[in-house]
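What follows is coords_16.tsv (TSV, C-alpha atoms).
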```tsv
chain	number	residue	atom	x	y	z
A	1	MET	CA	2.33	12.46	6.82
A	2	SER	CA	5.95	13.47	7.40
A	3	LYS	CA	7.32	15.32	10.40
A	4	ILE	CA	10.78	15.95	11.85
A	5	ILE	CA	10.73	14.67	15.42
A	6	LEU	CA	12.33	17.19	17.79
A	7	CYS	CA	12.61	15.56	21.20
A	8	SER	CA	12.03	18.05	24.00
A	9	ALA	CA	10.91	15.61	26.67
A	10	LYS	CA	12.74	12.95	28.62
A	11	VAL	CA	14.31	10.07	26.71
A	12	ALA	CA	13.42	6.68	28.18
A	13	GLU	CA	16.19	4.35	29.31
A	14	THR	CA	13.99	1.39	28.41
A	15	PRO	CA	11.83	1.76	25.30
A	16	PHE	CA	8.20	0.80	25.03
A	17	THR	CA	7.63	-1.74	22.25
A	18	PHE	CA	4.39	-2.07	20.33
A	19	LEU	CA	4.41	-5.83	19.97
A	20	ASN	CA	2.34	-6.08	16.79
A	21	THR	CA	4.74	-3.89	14.77
A	22	LYS	CA	7.92	-4.28	16.88
A	23	VAL	CA	8.33	-0.50	16.88
A	24	GLU	CA	10.29	0.83	19.86
A	25	ILE	CA	9.38	4.20	21.38
A	26	TYR	CA	11.84	6.25	23.47
A	27	THR	CA	10.18	9.66	23.85
A	28	TYR	CA	6.80	11.30	24.20
A	29	GLU	CA	7.24	12.82	20.75
A	30	GLU	CA	7.88	9.42	19.19
A	31	LEU	CA	4.81	8.05	20.97
A	32	CYS	CA	2.68	10.86	19.55
A	33	PHE	CA	4.04	10.36	16.04
A	34	TYR	CA	3.36	6.62	16.21
A	35	ILE	CA	-0.19	7.15	17.47
A	36	TYR	CA	-0.99	9.81	14.86
A	37	ASN	CA	0.15	7.64	11.96
A	38	ASN	CA	-0.93	4.17	13.09
A	39	THR	CA	-4.45	4.54	14.42
A	40	MET	CA	-5.68	1.36	12.75
A	41	LEU	CA	-2.92	-0.72	14.38
A	42	ILE	CA	-3.56	0.40	17.95
A	43	SER	CA	-6.22	-1.63	19.73
A	44	LYS	CA	-7.64	-0.80	23.14
A	45	SER	CA	-5.84	-3.84	24.56
A	46	ALA	CA	-2.53	-2.15	23.71
A	47	LEU	CA	-3.56	0.82	25.85
A	48	SER	CA	-2.85	-0.93	29.11
A	49	GLU	CA	-1.29	-0.36	32.51
A	50	LYS	CA	2.03	-1.42	31.00
A	51	LEU	CA	2.04	1.55	28.62
A	52	PHE	CA	0.70	3.96	31.23
A	53	ASN	CA	3.31	2.89	33.81
A	54	TRP	CA	6.00	3.33	31.16
A	55	ILE	CA	4.72	6.88	30.55
A	56	ARG	CA	4.94	7.50	34.30
A	57	THR	CA	8.32	5.96	35.06
A	58	GLU	CA	10.27	6.38	31.82
A	59	LEU	CA	8.89	9.70	30.57
A	60	GLY	CA	8.18	11.22	33.98
A	61	MET	CA	4.68	12.29	32.86
A	62	GLU	CA	2.87	11.37	36.07
A	63	GLU	CA	-0.18	13.60	35.52
A	64	LEU	CA	-0.84	12.03	32.10
A	65	ALA	CA	-0.33	8.54	33.52
A	66	ASP	CA	-2.82	9.25	36.33
A	67	LYS	CA	-5.44	10.46	33.84
A	68	LEU	CA	-5.00	7.40	31.65
A	69	MET	CA	-5.14	5.00	34.60
A	70	GLY	CA	-8.35	6.70	35.77
A	71	MET	CA	-9.89	6.22	32.32
A	72	LEU	CA	-9.29	2.46	32.53
A	73	ASN	CA	-12.17	2.16	34.99
A	74	LYS	CA	-14.52	3.97	32.61
A	75	THR	CA	-16.07	2.86	29.34
A	76	ALA	CA	-13.64	4.91	27.27
A	77	TYR	CA	-12.93	4.21	23.62
A	78	ALA	CA	-9.37	3.72	22.36
A	79	GLN	CA	-9.79	7.10	20.65
A	80	ASP	CA	-10.27	8.78	24.05
A	81	PHE	CA	-6.96	7.42	25.36
A	82	LEU	CA	-5.06	8.37	22.22
A	83	ILE	CA	-6.39	11.92	22.08
A	84	GLU	CA	-5.58	12.34	25.78
A	85	ILE	CA	-1.97	11.37	25.05
A	86	LEU	CA	-1.72	13.65	22.01
A	87	SER	CA	-3.19	16.56	23.99
A	88	ALA	CA	-0.76	16.24	26.91
A	89	GLY	CA	2.11	17.96	25.12
A	90	GLU	CA	2.80	20.38	22.32
A	91	TYR	CA	4.02	18.04	19.60
A	92	TYR	CA	0.77	18.38	17.66
A	93	THR	CA	-1.32	21.55	17.44
A	94	LEU	CA	-4.97	21.69	18.47
A	95	GLU	CA	-5.90	21.82	14.80
A	96	GLU	CA	-3.86	18.69	14.05
A	97	ILE	CA	-5.45	16.87	16.98
A	98	LYS	CA	-8.88	17.91	15.71
A	99	THR	CA	-8.00	16.51	12.28
A	100	TYR	CA	-6.88	13.28	13.96
A	101	ALA	CA	-10.15	13.01	15.89
A	102	GLU	CA	-12.12	13.52	12.67
A	103	ALA	CA	-10.07	10.82	10.95
A	104	TRP	CA	-10.84	8.47	13.87
A	105	THR	CA	-14.54	9.17	13.46
A	106	LYS	CA	-14.35	8.37	9.74
A	107	TYR	CA	-12.37	5.21	10.49
A	108	ARG	CA	-15.02	3.95	12.92
A	109	LYS	CA	-17.71	4.47	10.26
A	110	LEU	CA	-15.96	2.17	7.80
A	111	ASP	CA	-17.29	-1.35	7.47
A	112	LYS	CA	-15.41	-4.33	8.82
A	113	ILE	CA	-13.74	-5.17	5.50
A	114	GLN	CA	-12.47	-1.64	4.96
A	115	ARG	CA	-11.06	-1.45	8.49
A	116	SER	CA	-9.40	-4.84	8.12
A	117	LYS	CA	-7.76	-3.78	4.87
A	118	LEU	CA	-6.33	-0.67	6.52
A	119	LYS	CA	-4.89	-2.85	9.29
A	120	ALA	CA	-3.45	-5.30	6.80
A	121	ASP	CA	-1.94	-2.45	4.79
A	122	GLY	CA	-0.42	-1.08	7.99
A	123	TYR	CA	1.22	-4.40	8.81
A	124	LEU	CA	2.47	-4.65	5.24
A	125	ALA	CA	4.08	-1.20	5.55
A	126	TYR	CA	5.85	-2.35	8.72
A	127	ARG	CA	7.04	-5.51	6.93
A	128	ARG	CA	4.99	-7.77	9.18
A	129	TYR	CA	4.27	-9.94	6.16
A	130	ILE	CA	2.93	-13.01	7.93
A	131	LYS	CA	0.39	-10.98	9.92
A	132	ALA	CA	-0.53	-8.94	6.83
A	133	ALA	CA	-1.06	-12.11	4.80
A	134	THR	CA	-3.35	-13.52	7.50
A	135	PHE	CA	-5.49	-10.37	7.47
A	136	TYR	CA	-5.71	-10.32	3.67
A	137	ASP	CA	-6.69	-14.01	3.60
A	138	ASP	CA	-9.45	-13.40	6.14
A	139	ILE	CA	-10.73	-10.47	4.07
A	140	LEU	CA	-10.73	-12.47	0.84
A	141	ASP	CA	-12.60	-15.31	2.55
A	142	GLU	CA	-15.30	-12.87	3.69
A	143	ILE	CA	-15.77	-11.04	0.41
A	144	GLU	CA	-15.80	-14.12	-1.80
A	145	ASP	CA	-19.56	-13.98	-2.22
A	146	GLU	CA	-19.98	-10.23	-1.84
A	147	SER	CA	-20.51	-7.66	-4.56
A	148	ARG	CA	-17.52	-5.35	-4.09
A	149	ASP	CA	-15.77	-2.78	-6.22
A	150	PRO	CA	-13.39	-4.91	-8.37
A	151	VAL	CA	-10.61	-2.35	-8.04
A	152	PHE	CA	-10.87	-2.51	-4.23
A	153	VAL	CA	-10.72	-6.31	-4.29
A	154	GLY	CA	-7.95	-6.25	-6.87
A	155	ASN	CA	-5.87	-4.02	-4.65
A	156	ILE	CA	-6.31	-6.51	-1.81
A	157	TYR	CA	-5.03	-9.29	-4.07
A	158	HIS	CA	-2.10	-7.08	-5.14
A	159	ASN	CA	-1.05	-6.42	-1.55
A	160	ARG	CA	-1.55	-10.09	-0.70
A	161	ALA	CA	0.82	-10.87	-3.57
A	162	VAL	CA	3.39	-8.42	-2.19
A	163	ALA	CA	3.16	-10.13	1.21
A	164	ALA	CA	3.57	-13.54	-0.45
A	165	SER	CA	6.58	-12.30	-2.42
A	166	ASN	CA	8.27	-11.02	0.70
A	167	ASN	CA	7.63	-14.39	2.37
A	168	LEU	CA	9.08	-16.09	-0.74
A	169	ASP	CA	5.75	-17.83	-1.45
A	170	LEU	CA	6.33	-17.30	-5.15
A	171	GLU	CA	3.58	-19.51	-6.56
A	172	ASP	CA	1.01	-17.76	-4.39
A	173	ALA	CA	2.48	-14.39	-5.37
A	174	LYS	CA	2.16	-15.21	-9.05
A	175	LYS	CA	-1.45	-16.30	-8.62
A	176	PHE	CA	-2.41	-13.25	-6.56
A	177	PHE	CA	-0.72	-10.71	-8.86
A	178	LEU	CA	-2.54	-12.13	-11.87
A	179	LYS	CA	-5.88	-12.14	-10.03
A	180	ALA	CA	-5.23	-8.56	-8.95
A	181	TYR	CA	-4.64	-7.46	-12.54
A	182	GLU	CA	-7.81	-9.18	-13.72
A	183	LEU	CA	-9.76	-7.07	-11.24
A	184	ASN	CA	-7.97	-3.72	-10.97
A	185	GLU	CA	-6.28	-3.61	-14.40
A	186	ASN	CA	-3.34	-1.92	-12.70
A	187	PRO	CA	-0.12	-2.30	-14.77
A	188	GLU	CA	1.86	-2.60	-11.53
A	189	SER	CA	-0.01	-5.81	-10.67
A	190	LEU	CA	0.79	-7.28	-14.08
A	191	LYS	CA	4.40	-6.18	-13.75
A	192	GLY	CA	4.61	-7.92	-10.37
A	193	TYR	CA	3.26	-11.07	-12.02
A	194	PHE	CA	5.94	-10.96	-14.70
A	195	TYR	CA	8.71	-10.46	-12.12
A	196	ILE	CA	7.65	-13.68	-10.42
A	197	VAL	CA	7.34	-15.52	-13.74
A	198	ALA	CA	10.87	-14.37	-14.58
A	199	LEU	CA	12.11	-15.88	-11.32
A	200	THR	CA	10.24	-19.16	-11.54
A	201	SER	CA	10.31	-19.91	-15.29
A	202	ASP	CA	12.58	-19.70	-18.32
A	203	THR	CA	12.74	-16.83	-20.82
A	204	SER	CA	10.58	-18.65	-23.34
A	205	THR	CA	7.76	-19.07	-20.83
A	206	LEU	CA	8.02	-15.43	-19.84
A	207	LYS	CA	7.79	-14.27	-23.45
A	208	THR	CA	4.77	-16.51	-24.00
A	209	GLU	CA	3.05	-15.00	-20.95
A	210	ILE	CA	3.78	-11.48	-22.19
A	211	ARG	CA	2.26	-12.25	-25.59
A	212	TYR	CA	-0.74	-13.91	-23.93
A	213	GLN	CA	-1.45	-10.65	-22.13
A	214	GLY	CA	-1.45	-8.83	-25.47
A	215	LEU	CA	1.77	-6.96	-24.84
A	216	PRO	CA	4.58	-6.37	-27.37
A	217	ASP	CA	7.74	-8.46	-27.27
A	218	ASP	CA	9.83	-5.47	-26.21
A	219	TYR	CA	7.83	-5.20	-22.97
A	220	LEU	CA	10.31	-7.64	-21.42
A	221	ASP	CA	13.19	-5.34	-22.31
A	222	GLU	CA	11.35	-2.40	-20.79
A	223	ILE	CA	10.79	-3.97	-17.37
A	224	MET	CA	14.31	-5.41	-17.28
A	225	HIS	CA	15.74	-2.00	-18.19
A	226	GLU	CA	13.70	-0.44	-15.41
A	227	ILE	CA	15.19	-2.85	-12.89
A	228	GLY	CA	18.68	-2.35	-14.24
A	229	ASP	CA	18.40	1.40	-13.70
A	230	SER	CA	17.15	1.03	-10.14
A	231	LYS	CA	19.37	1.40	-7.10
A	232	ASP	CA	21.53	-1.44	-5.80
A	233	ASP	CA	20.49	-3.48	-2.79
A	234	VAL	CA	20.35	-1.46	0.40
A	235	ARG	CA	19.20	-2.33	3.88
A	236	GLU	CA	15.89	-0.52	3.41
A	237	MET	CA	14.91	-2.51	0.32
A	238	THR	CA	12.10	-5.00	0.70
A	239	ILE	CA	12.63	-8.62	-0.23
A	240	PHE	CA	10.27	-8.12	-3.16
A	241	ALA	CA	12.48	-5.31	-4.49
A	242	MET	CA	15.51	-7.59	-4.20
A	243	LEU	CA	13.58	-10.34	-5.98
A	244	GLN	CA	13.08	-7.97	-8.90
A	245	ARG	CA	16.83	-7.50	-9.16
A	246	ALA	CA	17.31	-11.25	-8.87
A	247	ALA	CA	14.96	-11.64	-11.84
A	248	TYR	CA	17.12	-9.12	-13.72
A	249	ASN	CA	20.25	-11.17	-12.95
A	250	LYS	CA	18.58	-14.37	-14.08
A	251	MET	CA	17.25	-12.90	-17.32
A	252	ASN	CA	20.73	-11.54	-18.10
A	253	LYS	CA	22.30	-14.93	-17.26
A	254	ASP	CA	24.33	-13.35	-14.46
A	255	MET	CA	24.01	-16.39	-12.25
A	256	THR	CA	26.85	-15.42	-9.91
A	257	ASP	CA	25.07	-12.24	-8.79
A	258	TYR	CA	21.75	-14.08	-8.92
A	259	ASP	CA	23.01	-16.73	-6.47
A	260	LYS	CA	24.51	-14.08	-4.18
A	261	ARG	CA	21.31	-12.08	-4.16
A	262	MET	CA	19.15	-15.14	-3.50
A	263	ASP	CA	21.42	-16.07	-0.59
A	264	ILE	CA	20.85	-12.59	0.86
A	265	ILE	CA	17.11	-12.93	0.31
A	266	LEU	CA	16.97	-16.33	2.01
A	267	SER	CA	18.93	-14.95	4.96
A	268	GLU	CA	16.53	-12.00	5.19
A	269	ILE	CA	13.55	-14.36	5.03
A	270	LYS	CA	14.91	-16.44	7.91
A	271	ASP	CA	15.57	-13.35	10.04
A	272	ASP	CA	12.15	-11.87	9.25
A	273	PHE	CA	10.40	-15.14	10.02
A	274	ARG	CA	12.12	-15.42	13.41
A	275	GLU	CA	11.17	-11.85	14.26
A	276	GLN	CA	7.59	-12.15	13.05
A	277	ALA	CA	7.11	-15.43	14.90
A	278	ILE	CA	7.77	-13.73	18.24
```
Spell out the structure here as structure tokens.
Amino acid sequence: MSKIILCSAKVAETPFTFLNTKVEIYTYEELCFYIYNNTMLISKSALSEKLFNWIRTELGMEELADKLMGMLNKTAYAQDFLIEILSAGEYYTLEEIKTYAEAWTKYRKLDKIQRSKLKADGYLAYRRYIKAATFYDDILDEIEDESRDPVFVGNIYHNRAVAASNNLDLEDAKKFFLKAYELNENPESLKGYFYIVALTSDTSTLKTEIRYQGLPDDYLDEIMHEIGDSKDDVREMTIFAMLQRAAYNKMNKDMTDYDKRMDIILSEIKDDFREQAI
């Protein structure tokens, strides 16, 4: 979902931070947008007096804060708190709130594995790679002996590989991408595998791997051309995207740019690790 956030309410002097994603909220509208799009990442424990007092003191929404505080003494679900917040203003229409409530109902009917995957995917989207990897590992441990849709399991392995790549766990990433492709037969999983092979092996090994997968020799040129045409490094790029460009540099024997890019990646990894460890 995409929405332009027009702030009509008070802007907080001190933001509220959702600790699991490190997202900072300054307005009621931002709070609503975060809630609407991150249901699976908001536990009841996050809906605490700290948040409700912030709504009271920073947003000046005393009536809403009183209602939420009163609900703490009742056996209310997280959904009840969230819908109360969404209904307190006019950022979302009644129809949109109804759609949200229906989505919550569907979410609660999912089994444990499906809910865990949605949470892991949410953390991955917020670049909380360590937490995402932990969730994916727990899921894979649980479904090891279960009969599950291979595409579903393959997609879990693919996302686990993306998390590993962004944590620079390249051997794990290579293993998970290949396992993902075996299950979901998604060309993107195989492409991810080849990117990591390109980074960790020589050209001869990469060509051998491509032939082993039954692909033509010019497949290497295709994926390298695709990277070459992509945009340059920008702040919003993930580490995995930068790794793909590093692979391009290495395959084209541009070791100066390769070294520079890897230095940037290592710096990003250190910064991300410090932030995620908090």
Q | Exercise: Lys117 in chain A partners within 10 Å, all atoms listed in the file, chain neighbours under 2 positions left out, as a PyMOL selection string | A | chain A and resi 40+112-115+119-123+132+135-136+138-139+152-153+155-156+159
Q) Using all atoms listed in the file, which residue out of A:Lys109, A:Arg148, A:Lys74, A:Arg160 lies closest to Asp172 in chain A? A) A:Arg160
Find the axis-aligned box for range 32-45 of chain A, covering all its listed atoms and adding 6 Å on each side, and write its centre and edge lengths in Å to one decimal as AutoDock Vina command-line options.
```
--center_x -1.8 --center_y 3.5 --center_z 18.3 --size_x 23.7 --size_y 26.7 --size_z 24.6
```
Q) Counting all atoms listed in the file, which of A:Met69, A:Ala76, A:Leu190, A:Ile83 gets nearest to Glu96 in chain A? A) A:Ile83
Q | Length of the CA of Ala198 in chain A to CA of Asp141 in chain A vector [Å] | A | 29.1 Å
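Nearest to Arg128 in chain A of all the residues A:Asn184, A:Thr21, A:Thr205, A:Val197 is A:Thr21, based on all atoms listed in the file.
Between CA of Leu41 in chain A and CA of Asn20 in chain A the interatomic distance comes to 7.9 Å.
Nearest residue to Gly192 in chain A among A:Glu171, A:Val162, A:Thr17, A:Tyr212 is A:Val162, counting all atoms listed in the file.
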**Q.** Nearest to Ser43 in chain A by atom-to-atom distance, counting all atoms listed in the file, from A:Glu142, A:Glu182, A:Asp80, A:Glu62
**A.** A:Asp80
Q.
Would you pick out the contacts of Leu82 in chain A at 9 Å or less, using only C-alpha atoms, so that residues sharing its chain but fewer than 6 positions from it are not included, and give the list as a count of residues only?
A. 5
**Q.** Coordinates-based distance that separates CA of Lys207 in chain A from CA of Tyr219 in chain A (Å, one decimal)
**A.** 9.1 Å
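Closest to Asn38 in chain A among A:Val23, A:Ala65, A:Val11, A:Ala180 is A:Val23, based on all atoms listed in the file.
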Q: Would you list the residues near (-3.4, 0.0, -7.0) (no more than 8 Å away, in the coordinates of the file, using all atoms listed in the file) as a PyMOL selection string?
A: chain A and resi 151+154-155+158+184+186+188-189
